[in-house]
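Source file: structure_9.txt. Holds: compact mmCIF, C-alpha atoms.
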```txt
# COMPACT_ATOMS: atom_id res chain seq x y z
CA MET A 154 120.92 59.92 8.96
CA SER A 155 119.31 58.02 11.83
CA HIS A 156 117.68 59.87 14.65
CA PRO A 157 118.83 59.02 18.19
CA GLU A 158 115.46 57.82 19.45
CA ARG A 159 115.10 55.48 16.49
CA ALA A 160 118.24 53.64 17.55
CA ASN A 161 116.35 51.78 20.26
CA PRO A 162 112.55 51.75 20.02
CA TYR A 163 112.27 51.09 23.76
CA VAL A 164 114.12 54.25 24.78
CA SER A 165 111.91 57.33 25.23
CA HIS A 166 113.05 60.40 23.33
CA GLN A 167 114.22 62.28 26.41
CA PHE A 168 116.80 59.60 27.18
CA GLU A 169 119.96 58.86 25.29
CA THR A 170 120.44 55.25 26.26
CA ALA A 171 118.46 52.37 27.70
CA THR A 172 120.77 52.40 30.72
CA GLN A 173 120.03 56.06 31.38
CA GLN A 174 116.31 55.44 31.06
CA ARG A 175 116.44 52.49 33.44
CA GLU A 176 118.51 54.30 36.05
CA ALA A 177 116.22 57.34 35.88
CA SER A 178 113.12 55.22 36.54
CA ILE A 179 114.81 53.38 39.41
CA LEU A 180 116.02 56.63 40.95
CA GLY A 181 112.54 58.13 40.63
CA MET A 182 111.00 55.15 42.40
CA TRP A 183 113.57 55.35 45.20
CA ILE A 184 112.81 59.04 45.74
CA PHE A 185 109.15 58.10 46.11
CA LEU A 186 110.14 55.31 48.51
CA ALA A 187 112.18 57.84 50.51
CA THR A 188 108.99 59.83 51.09
CA GLU A 189 107.31 56.57 52.10
CA ILE A 190 110.08 55.91 54.64
CA MET A 191 109.28 59.29 56.23
CA PHE A 192 105.54 58.60 56.00
CA PHE A 193 105.72 55.29 57.86
CA GLY A 194 108.64 56.58 59.95
CA GLY A 195 106.37 59.08 61.72
CA LEU A 196 104.02 56.25 62.68
CA PHE A 197 106.87 54.05 63.90
CA LEU A 198 108.01 57.02 65.97
CA ALA A 199 104.54 57.42 67.50
CA TYR A 200 104.57 53.71 68.31
CA THR A 201 108.02 53.96 69.91
CA ILE A 202 107.09 56.93 72.11
CA TYR A 203 103.86 55.37 73.39
CA TYR A 204 105.49 51.96 73.78
CA ASN A 205 108.01 53.56 76.12
CA MET A 206 105.28 55.42 77.98
CA TYR A 207 102.89 52.50 78.40
CA THR A 208 105.11 49.44 77.96
CA ASP A 209 103.05 47.17 80.18
CA ALA A 210 99.76 48.14 78.57
CA PHE A 211 101.22 47.65 75.08
CA LYS A 212 102.53 44.21 76.03
CA GLU A 213 99.13 43.34 77.42
CA ALA A 214 97.32 44.65 74.34
CA SER A 215 99.67 42.80 71.98
CA GLN A 216 98.51 39.48 73.52
CA HIS A 217 95.14 40.07 71.86
CA LEU A 218 96.63 39.88 68.37
CA ASP A 219 96.76 36.51 66.63
CA VAL A 220 100.42 35.42 66.29
CA MET A 221 99.42 32.48 64.08
CA LEU A 222 97.57 34.64 61.54
CA GLY A 223 100.24 37.35 61.72
CA GLY A 224 102.96 34.74 61.21
CA ILE A 225 101.12 33.20 58.26
CA ASN A 226 100.76 36.65 56.72
CA THR A 227 104.49 37.28 57.21
CA GLY A 228 105.21 34.08 55.31
CA VAL A 229 102.71 35.01 52.59
CA LEU A 230 104.27 38.43 52.11
CA ILE A 231 107.86 37.11 52.07
CA THR A 232 106.83 34.50 49.50
CA SER A 233 105.12 37.16 47.39
CA SER A 234 108.35 39.14 47.51
CA LEU A 235 110.18 36.09 46.18
CA THR A 236 107.68 35.60 43.33
CA MET A 237 107.92 39.32 42.51
CA ALA A 238 111.73 39.09 42.39
CA MET A 239 111.40 36.04 40.16
CA ALA A 240 109.02 37.99 37.90
CA VAL A 241 111.69 40.68 37.50
CA TRP A 242 114.21 37.99 36.62
CA ALA A 243 111.80 36.41 34.11
CA ALA A 244 111.27 39.80 32.44
CA GLN A 245 115.01 40.49 32.32
CA THR A 246 115.63 37.13 30.63
CA SER A 247 112.61 37.31 28.27
CA ARG A 248 110.84 34.35 29.85
CA GLN A 249 107.33 35.41 28.91
CA LYS A 250 105.35 32.50 30.41
CA LEU A 251 107.29 32.53 33.67
CA LEU A 252 106.79 36.29 33.93
CA VAL A 253 103.01 35.91 33.66
CA LEU A 254 103.12 32.99 36.12
CA PHE A 255 105.16 34.81 38.76
CA LEU A 256 103.13 38.02 38.49
CA SER A 257 99.92 35.99 38.86
CA LEU A 258 101.34 34.21 41.93
CA THR A 259 102.30 37.55 43.46
CA LEU A 260 98.78 38.81 42.85
CA VAL A 261 97.20 35.71 44.42
CA LEU A 262 99.46 35.99 47.50
CA ALA A 263 98.57 39.68 47.85
CA PHE A 264 94.88 38.73 47.96
CA VAL A 265 95.61 35.96 50.48
CA PHE A 266 97.35 38.55 52.69
CA LEU A 267 94.35 40.87 52.54
CA GLY A 268 91.99 37.96 53.21
CA VAL A 269 93.88 36.94 56.35
CA LYS A 270 93.98 40.57 57.41
CA ALA A 271 90.21 40.85 56.94
CA VAL A 272 89.69 37.80 59.18
CA GLU A 273 91.91 39.40 61.83
CA TYR A 274 90.01 42.69 61.63
CA MET A 275 86.68 40.86 61.96
CA HIS A 276 87.93 39.14 65.12
CA LYS A 277 88.88 42.53 66.53
CA PHE A 278 85.42 43.90 65.81
CA HIS A 279 83.90 40.84 67.43
CA ASP A 280 86.11 41.17 70.53
CA GLY A 281 85.35 44.89 70.88
CA LEU A 282 88.97 45.87 70.34
CA VAL A 283 88.34 48.47 67.65
CA PRO A 284 89.06 51.91 69.12
CA GLY A 285 86.19 54.31 69.38
CA ALA A 286 82.56 53.82 70.34
CA LEU A 287 82.81 50.03 69.86
CA PHE A 288 85.78 49.63 72.20
CA THR A 289 84.82 47.44 75.14
CA TYR A 290 87.82 46.44 77.20
CA ASP A 291 87.58 46.04 80.92
CA SER A 292 90.88 46.83 82.53
CA PRO A 293 92.48 49.65 84.50
CA ARG A 294 94.67 50.12 81.42
CA ARG A 295 91.67 50.48 79.12
CA ASP A 296 92.72 53.79 77.57
CA GLN A 297 96.32 52.74 77.04
CA VAL A 298 95.24 49.46 75.43
CA GLN A 299 92.91 51.46 73.20
CA LEU A 300 95.87 53.61 72.18
CA PHE A 301 97.74 50.46 71.15
CA PHE A 302 94.84 49.34 69.01
CA PHE A 303 94.54 52.78 67.50
CA ILE A 304 98.17 52.56 66.40
CA TYR A 305 97.64 48.95 65.30
CA PHE A 306 94.72 49.81 63.04
CA VAL A 307 96.33 52.91 61.56
CA MET A 308 99.63 51.17 60.77
CA THR A 309 98.25 47.87 59.47
CA GLY A 310 95.44 49.78 57.72
CA LEU A 311 97.88 52.04 55.93
CA HIS A 312 100.00 49.00 55.09
CA GLY A 313 96.86 47.31 53.76
CA VAL A 314 96.14 50.32 51.56
CA HIS A 315 99.64 49.91 50.14
CA ILE A 316 98.88 46.25 49.43
CA LEU A 317 95.68 47.31 47.64
CA ILE A 318 97.58 49.83 45.51
CA GLY A 319 100.19 47.15 44.84
CA ILE A 320 97.45 44.79 43.65
CA GLY A 321 96.27 47.44 41.20
CA VAL A 322 99.76 48.09 39.87
CA ILE A 323 100.70 44.41 39.61
CA ALA A 324 97.40 43.69 37.83
CA ALA A 325 98.19 46.41 35.28
CA ILE A 326 101.71 45.05 34.82
CA LEU A 327 100.29 41.54 34.43
CA VAL A 328 97.99 42.69 31.62
CA MET A 329 100.96 44.32 29.87
CA ALA A 330 103.03 41.18 30.40
CA ILE A 331 100.30 39.00 28.85
CA LYS A 332 100.40 41.34 25.84
CA GLY A 333 104.13 40.62 25.61
CA LYS A 334 105.36 44.13 26.36
CA PHE A 335 108.26 43.07 28.59
CA HIS A 336 111.48 41.34 27.57
CA ALA A 337 115.23 41.65 27.97
CA GLN A 338 115.28 44.99 26.11
CA TYR A 339 112.46 46.60 28.07
CA ASN A 340 111.32 45.72 31.60
CA ASN A 341 111.55 48.91 33.68
CA PRO A 342 107.88 48.81 34.77
CA VAL A 343 108.31 45.29 36.19
CA ASP A 344 111.52 46.32 37.93
CA VAL A 345 110.00 49.44 39.48
CA THR A 346 106.81 47.62 40.56
CA GLY A 347 109.10 45.11 42.25
CA LEU A 348 110.79 47.91 44.21
CA TYR A 349 107.40 49.09 45.49
CA TRP A 350 106.29 45.60 46.42
CA HIS A 351 109.49 44.77 48.30
CA PHE A 352 109.18 48.04 50.20
CA VAL A 353 105.71 47.04 51.38
CA ASP A 354 107.29 43.76 52.51
CA VAL A 355 110.00 45.63 54.46
CA ILE A 356 107.33 47.64 56.33
CA TRP A 357 105.64 44.40 57.37
CA ILE A 358 108.97 42.93 58.51
CA PHE A 359 109.00 45.68 61.16
CA LEU A 360 105.26 45.72 61.90
CA PHE A 361 105.06 42.02 62.70
CA PRO A 362 107.47 41.90 65.68
CA LEU A 363 106.53 45.36 66.97
CA LEU A 364 102.77 44.76 67.02
CA TYR A 365 102.33 41.00 67.40
CA LEU A 366 105.30 39.75 69.35
CA ILE A 367 105.89 42.12 72.26
CA GLY A 368 105.34 40.62 75.69
CA ARG A 369 104.66 37.09 74.47
CA TYR A 370 107.20 35.71 76.95
CA LEU A 371 105.29 37.10 79.93
CA PRO A 372 103.78 34.51 82.28
CA GLY A 373 100.15 33.93 81.44
CA ALA A 374 100.66 35.05 77.84
CA HIS A 375 99.18 32.95 75.09
CA MET B 156 126.52 56.50 32.90
CA ASP B 157 129.42 58.82 32.18
CA ALA B 158 130.11 59.74 28.59
CA PRO B 159 133.23 58.35 26.96
CA PRO B 160 136.19 60.70 26.99
CA MET B 161 136.47 62.91 23.90
CA GLN B 162 138.77 61.45 21.33
CA ALA B 163 141.51 63.85 20.26
CA TYR B 164 141.05 64.95 16.68
CA GLY B 165 143.52 63.24 14.47
CA SER B 166 144.02 60.25 16.66
CA SER B 167 143.80 57.12 14.60
CA GLU B 168 140.57 55.97 16.19
CA GLY B 169 138.80 59.33 16.39
CA ALA B 170 139.51 60.33 12.82
CA MET B 171 138.03 57.20 11.33
CA ASP B 172 135.18 56.78 13.72
CA THR B 173 131.93 58.04 12.25
CA THR B 174 129.67 56.23 14.71
CA PRO B 175 127.02 58.64 16.02
CA ASN B 176 127.49 59.63 19.63
CA HIS B 177 124.49 57.81 21.04
CA GLN B 178 125.64 54.54 19.52
CA LYS B 179 129.09 55.07 20.95
CA ARG B 180 127.52 55.47 24.37
CA GLU B 181 125.58 52.26 23.93
CA LYS B 182 128.81 50.57 23.04
CA HIS B 183 130.52 52.16 26.00
CA ASP B 184 127.77 50.91 28.31
CA ALA B 185 128.05 47.45 26.88
CA HIS B 186 131.74 47.38 27.66
CA HIS B 187 131.12 47.83 31.34
CA GLY B 188 129.46 45.16 33.40
CA ASP B 189 127.00 47.66 34.86
CA VAL B 190 124.65 47.54 31.88
CA HIS B 191 122.05 45.46 33.58
CA HIS B 192 122.98 43.18 36.37
CA ILE B 193 120.59 40.26 36.40
CA THR B 194 120.37 38.66 39.83
CA SER B 195 120.27 34.87 39.69
CA PRO B 196 117.10 33.08 40.88
CA TRP B 197 119.29 31.11 43.26
CA VAL B 198 120.26 34.32 45.03
CA TYR B 199 116.58 35.20 45.37
CA LEU B 200 115.88 31.73 46.74
CA ALA B 201 118.76 31.96 49.23
CA VAL B 202 117.50 35.36 50.45
CA PHE B 203 113.98 33.92 50.75
CA VAL B 204 115.24 31.03 52.89
CA ALA B 205 117.15 33.51 55.08
CA LEU B 206 113.97 35.59 55.51
CA VAL B 207 111.95 32.54 56.53
CA ILE B 208 114.63 31.48 59.04
CA GLY B 209 114.74 35.05 60.38
CA THR B 210 110.97 35.04 60.86
CA ILE B 211 111.08 31.72 62.72
CA ILE B 212 113.88 32.97 64.99
CA THR B 213 111.93 36.19 65.68
CA VAL B 214 108.84 34.25 66.73
CA TRP B 215 110.88 31.81 68.83
CA VAL B 216 112.72 34.62 70.62
CA ALA B 217 109.44 36.42 71.30
CA PHE B 218 108.15 33.51 73.38
CA HIS B 219 111.25 33.36 75.58
CA ASP B 220 112.29 35.82 78.22
CA PHE B 221 115.59 37.50 77.42
CA GLY B 222 115.01 40.31 79.87
CA MET B 223 115.75 43.68 78.32
CA TRP B 224 117.08 42.03 75.16
CA ASN B 225 113.81 40.84 73.64
CA LYS B 226 113.14 44.07 71.77
CA PRO B 227 116.73 44.67 70.58
CA ILE B 228 116.91 41.08 69.26
CA ALA B 229 113.56 41.42 67.45
CA LEU B 230 114.56 44.76 65.92
CA GLY B 231 118.04 43.47 65.03
CA ILE B 232 116.58 40.53 63.11
CA ALA B 233 114.08 42.87 61.40
CA VAL B 234 116.93 45.16 60.34
CA ILE B 235 118.94 42.21 58.97
CA LYS B 236 115.89 40.90 57.10
CA SER B 237 115.05 44.27 55.57
CA THR B 238 118.71 44.83 54.63
CA LEU B 239 118.66 41.53 52.74
CA VAL B 240 115.45 42.55 50.94
CA VAL B 241 116.86 45.97 50.04
CA LEU B 242 120.25 44.70 48.88
CA TYR B 243 119.13 41.67 46.89
CA PHE B 244 115.39 41.80 46.10
CA MET B 245 115.61 45.55 45.44
CA HIS B 246 119.01 45.24 43.72
CA VAL B 247 120.60 48.08 45.67
CA ARG B 248 123.82 46.06 45.78
CA HIS B 249 124.09 46.69 42.04
CA SER B 250 122.44 50.12 41.89
CA GLY B 251 124.13 53.40 41.16
CA ARG B 252 125.60 55.63 43.83
CA LEU B 253 122.79 58.15 43.39
CA THR B 254 120.23 55.56 44.45
CA VAL B 255 122.33 54.65 47.48
CA ALA B 256 122.58 58.35 48.34
CA VAL B 257 118.78 58.74 48.24
CA ILE B 258 118.37 55.79 50.63
CA VAL B 259 121.10 56.97 53.01
CA ILE B 260 119.65 60.49 53.11
CA ALA B 261 116.13 59.14 53.77
CA LEU B 262 117.41 57.00 56.64
CA ALA B 263 119.46 59.91 58.01
CA MET B 264 116.33 62.12 58.02
CA LEU B 265 114.40 59.35 59.76
CA SER B 266 117.12 59.10 62.44
CA ILE B 267 116.91 62.86 63.00
CA LEU B 268 113.13 62.61 63.37
CA ILE B 269 113.40 59.78 65.89
CA ALA B 270 116.47 61.02 67.77
CA PHE B 271 115.23 64.57 68.28
CA THR B 272 111.72 63.54 69.31
CA ALA B 273 113.06 60.85 71.65
CA SER B 274 115.54 63.31 73.16
CA ASP B 275 112.53 65.39 74.17
CA TYR B 276 110.31 62.64 75.56
CA LEU B 277 113.09 60.67 77.22
CA THR B 278 114.47 63.68 79.12
CA ARG B 279 111.27 65.12 80.61
CA GLY B 280 112.20 63.54 83.91
CA SER B 281 108.65 63.10 85.13
CA LYS B 282 107.74 59.65 86.23
CA ASN B 283 104.14 60.57 85.53
CA ILE B 284 104.77 60.76 81.82
CA PHE B 285 106.67 57.53 81.69
CA TYR B 286 104.89 55.49 84.24
CA ASN B 287 104.87 51.83 83.58
CA GLU B 288 102.49 51.09 86.38
CA ASP B 289 98.77 50.77 86.28
CA PRO B 290 97.07 54.13 86.63
CA PRO B 291 96.47 54.77 90.36
CA ALA B 292 93.09 53.49 91.43
CA ALA B 293 90.62 56.00 92.83
CA GLY B 294 91.27 56.60 96.49
CA ALA B 295 94.67 54.88 96.36
CA ALA B 296 97.35 56.01 98.77
CA HIS B 297 99.23 59.04 97.59
CA ASP B 298 102.48 57.99 95.92
CA PRO B 299 105.03 60.80 95.83
CA ALA B 300 106.84 59.05 92.94
CA THR B 301 103.96 59.80 90.56
CA VAL B 302 103.84 63.49 91.32
CA PRO B 303 104.96 65.34 88.21
CA VAL B 304 108.14 67.35 88.45
CA PRO B 305 107.10 71.00 88.33
```

Once more with this new file: its structure as structure tokens, please.
Amino acid sequence: MSHPERANPYVSHQFETATQQREASILGMWIFLATEIMFFGGLFLAYTIYYNMYTDAFKEASQHLDVMLGGINTGVLITSSLTMAMAVWAAQTSRQKLLVLFLSLTLVLAFVFLGVKAVEYMHKFHDGLVPGALFTYDSPRRDQVQLFFFIYFVMTGLHGVHILIGIGVIAAILVMAIKGKFHAQYNNPVDVTGLYWHFVDVIWIFLFPLLYLIGRYLPGAH
Amino acid sequence: MDAPPMQAYGSSEGAMDTTPNHQKREKHDAHHGDVHHITSPWVYLAVFVALVIGTIITVWVAFHDFGMWNKPIALGIAVIKSTLVVLYFMHVRHSGRLTVAVIVIALAMLSILIAFTASDYLTRGSKNIFYNEDPPAAGAAHDPATVPVP
């Protein structure tokens, strides 16, 4: 008499089938992502309200962000989303070497993103655009510009923290992948990590135009 | 996900079938295409190309004056890009209804948050709260338009 959980060694005892186990993990991740939508949603709301209050100041402040670096980072993050998706595919089709390759690429791109971000932050410190005691901006709109940079640092900072957490999770998944834990019969952790990583990408898809690209068309903009 | 319908006792199949239930369910799952949809790498690549094109269009639009349409265009492209990511990279196109429900509810809650807060701020009717001008310089002429509505 076989016991249910012995039927498939990759199905935990509380689940009846591999399908049920997979759908439960995906649903759980999406419920977490729903809380993340609300988390970032509050910040996007704050941005929207103050953008409408101080539109001109926000457009002026946005000129001080580096479109080139922001654009490069957008490309880096989109590419890392592609490599993550390919990692999920490699796991689902038991392509062990490709899985390790794609996870490593995703990890490298995540570090590149953080590196570019660090360069941007350093420029802001240098230019005195960090809100607080170091803020030195000479303009009648000083306080409103400072508000923009406050929102900029909170939103990109929080996004950066998510990248950092993603790096930790992907590194752990990579170690498991090198040990050969993932294959066609079992790949939920890769799948769920992918969901998280793509979500971080989606946040950036909104952050980039809202923070970097407003008011670029204005005369005298650079 | 749903269990197979109970076989009537005595029916030719049910009477002979001694397969344990969990194996039957596995079999049942395998019969349906929903077991595990594996998205093709070419789909991922196509979505990636679309995302890159979307980014280029966003940047191009940002440097041209479309009047009041700059922001709606930028947000529209961002929504299309994120929809592509969610549907294909995040496999929601092939996910269960429960997952879709969680996403729809989250977005509905977000709309409530934004709509209710905006309905407050956008209807205060005081130009002082929504001024788009530079703050009045010290000693500037008194402008009745900036006087808050009592």

Residue hits in chain B, query chain A, radius 6 Å, only C-alpha atoms, as a compact mmCIF listing (two decimals) with C-alpha atoms, keeping the file's coordinate frame:
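Written file, out39.txt:
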```txt
# COMPACT_ATOMS: atom_id res chain seq x y z
CA ALA B 217 109.44 36.42 71.30
CA PHE B 218 108.15 33.51 73.38
CA HIS B 219 111.25 33.36 75.58
CA ASP B 220 112.29 35.82 78.22
CA ALA B 233 114.08 42.87 61.40
CA SER B 237 115.05 44.27 55.57
CA PHE B 244 115.39 41.80 46.10
CA MET B 245 115.61 45.55 45.44
CA THR B 254 120.23 55.56 44.45
CA ALA B 261 116.13 59.14 53.77
CA PHE B 285 106.67 57.53 81.69
CA ASN B 287 104.87 51.83 83.58
```

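Atom pair atom CA of Ala263 of chain A / atom CA of Leu300 of chain A: separated by 28.2 Å.
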
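Note that the spacing between atom CA of Tyr200 of chain A and atom CA of Lys212 of chain A amounts to 12.4 Å.
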
Contacts of Ser247 of chain A at 10 Å or less, counting all atoms listed in the file, minus same-chain residues fewer than 5 places along, as an NGL selection string?
:A and (241-242 or 252 or 333 or 335-340)

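A straight line drawn from atom CA of Leu262 of chain B to atom CA of Tyr199 of chain B is 24.6 Å long.
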
Output requested as a PDB file, in the coordinates of the input - segment 253-275 of chain A, filled out with N, CA and C atoms.
```
ATOM      1  N   VAL A 253     104.459  35.893  33.392  1.00  0.00           N
ATOM      2  CA  VAL A 253     103.010  35.910  33.660  1.00  0.00           C
ATOM      3  C   VAL A 253     102.692  35.052  34.877  1.00  0.00           C
ATOM      4  N   LEU A 254     103.362  33.889  34.981  1.00  0.00           N
ATOM      5  CA  LEU A 254     103.120  32.990  36.120  1.00  0.00           C
ATOM      6  C   LEU A 254     103.489  33.657  37.436  1.00  0.00           C
ATOM      7  N   PHE A 255     104.693  34.234  37.499  1.00  0.00           N
ATOM      8  CA  PHE A 255     105.160  34.810  38.760  1.00  0.00           C
ATOM      9  C   PHE A 255     104.351  36.048  39.150  1.00  0.00           C
ATOM     10  N   LEU A 256     103.963  36.853  38.159  1.00  0.00           N
ATOM     11  CA  LEU A 256     103.130  38.020  38.490  1.00  0.00           C
ATOM     12  C   LEU A 256     101.767  37.561  39.010  1.00  0.00           C
ATOM     13  N   SER A 257     101.209  36.503  38.396  1.00  0.00           N
ATOM     14  CA  SER A 257      99.920  35.990  38.860  1.00  0.00           C
ATOM     15  C   SER A 257     100.042  35.477  40.288  1.00  0.00           C
ATOM     16  N   LEU A 258     101.137  34.729  40.572  1.00  0.00           N
ATOM     17  CA  LEU A 258     101.340  34.210  41.930  1.00  0.00           C
ATOM     18  C   LEU A 258     101.434  35.351  42.937  1.00  0.00           C
ATOM     19  N   THR A 259     102.162  36.403  42.565  1.00  0.00           N
ATOM     20  CA  THR A 259     102.300  37.550  43.460  1.00  0.00           C
ATOM     21  C   THR A 259     100.931  38.147  43.756  1.00  0.00           C
ATOM     22  N   LEU A 260     100.124  38.245  42.710  1.00  0.00           N
ATOM     23  CA  LEU A 260      98.780  38.810  42.850  1.00  0.00           C
ATOM     24  C   LEU A 260      97.925  37.955  43.784  1.00  0.00           C
ATOM     25  N   VAL A 261      97.988  36.632  43.579  1.00  0.00           N
ATOM     26  CA  VAL A 261      97.200  35.710  44.420  1.00  0.00           C
ATOM     27  C   VAL A 261      97.633  35.861  45.884  1.00  0.00           C
ATOM     28  N   LEU A 262      98.966  35.890  46.118  1.00  0.00           N
ATOM     29  CA  LEU A 262      99.460  35.990  47.500  1.00  0.00           C
ATOM     30  C   LEU A 262      99.047  37.321  48.129  1.00  0.00           C
ATOM     31  N   ALA A 263      98.992  38.387  47.320  1.00  0.00           N
ATOM     32  CA  ALA A 263      98.570  39.680  47.850  1.00  0.00           C
ATOM     33  C   ALA A 263      97.113  39.595  48.322  1.00  0.00           C
ATOM     34  N   PHE A 264      96.278  38.892  47.552  1.00  0.00           N
ATOM     35  CA  PHE A 264      94.880  38.730  47.960  1.00  0.00           C
ATOM     36  C   PHE A 264      94.771  37.856  49.211  1.00  0.00           C
ATOM     37  N   VAL A 265      95.619  36.813  49.285  1.00  0.00           N
ATOM     38  CA  VAL A 265      95.610  35.960  50.480  1.00  0.00           C
ATOM     39  C   VAL A 265      95.952  36.813  51.710  1.00  0.00           C
ATOM     40  N   PHE A 266      96.954  37.679  51.575  1.00  0.00           N
ATOM     41  CA  PHE A 266      97.350  38.550  52.690  1.00  0.00           C
ATOM     42  C   PHE A 266      96.152  39.387  53.141  1.00  0.00           C
ATOM     43  N   LEU A 267      95.480  40.010  52.186  1.00  0.00           N
ATOM     44  CA  LEU A 267      94.350  40.870  52.540  1.00  0.00           C
ATOM     45  C   LEU A 267      93.214  40.049  53.157  1.00  0.00           C
ATOM     46  N   GLY A 268      93.027  38.817  52.658  1.00  0.00           N
ATOM     47  CA  GLY A 268      91.990  37.960  53.210  1.00  0.00           C
ATOM     48  C   GLY A 268      92.251  37.641  54.672  1.00  0.00           C
ATOM     49  N   VAL A 269      93.513  37.248  54.971  1.00  0.00           N
ATOM     50  CA  VAL A 269      93.880  36.940  56.350  1.00  0.00           C
ATOM     51  C   VAL A 269      93.706  38.174  57.225  1.00  0.00           C
ATOM     52  N   LYS A 270      94.108  39.306  56.676  1.00  0.00           N
ATOM     53  CA  LYS A 270      93.980  40.570  57.410  1.00  0.00           C
ATOM     54  C   LYS A 270      92.509  40.861  57.717  1.00  0.00           C
ATOM     55  N   ALA A 271      91.647  40.603  56.746  1.00  0.00           N
ATOM     56  CA  ALA A 271      90.210  40.850  56.940  1.00  0.00           C
ATOM     57  C   ALA A 271      89.682  39.969  58.068  1.00  0.00           C
ATOM     58  N   VAL A 272      90.130  38.701  58.106  1.00  0.00           N
ATOM     59  CA  VAL A 272      89.690  37.800  59.180  1.00  0.00           C
ATOM     60  C   VAL A 272      90.146  38.361  60.530  1.00  0.00           C
ATOM     61  N   GLU A 273      91.404  38.826  60.583  1.00  0.00           N
ATOM     62  CA  GLU A 273      91.910  39.400  61.830  1.00  0.00           C
ATOM     63  C   GLU A 273      91.080  40.608  62.265  1.00  0.00           C
ATOM     64  N   TYR A 274      90.797  41.488  61.315  1.00  0.00           N
ATOM     65  CA  TYR A 274      90.010  42.690  61.630  1.00  0.00           C
ATOM     66  C   TYR A 274      88.620  42.292  62.155  1.00  0.00           C
ATOM     67  N   MET A 275      88.020  41.282  61.534  1.00  0.00           N
ATOM     68  CA  MET A 275      86.680  40.860  61.960  1.00  0.00           C
ATOM     69  C   MET A 275      86.713  40.355  63.398  1.00  0.00           C
TER      70      MET A 275
END
```
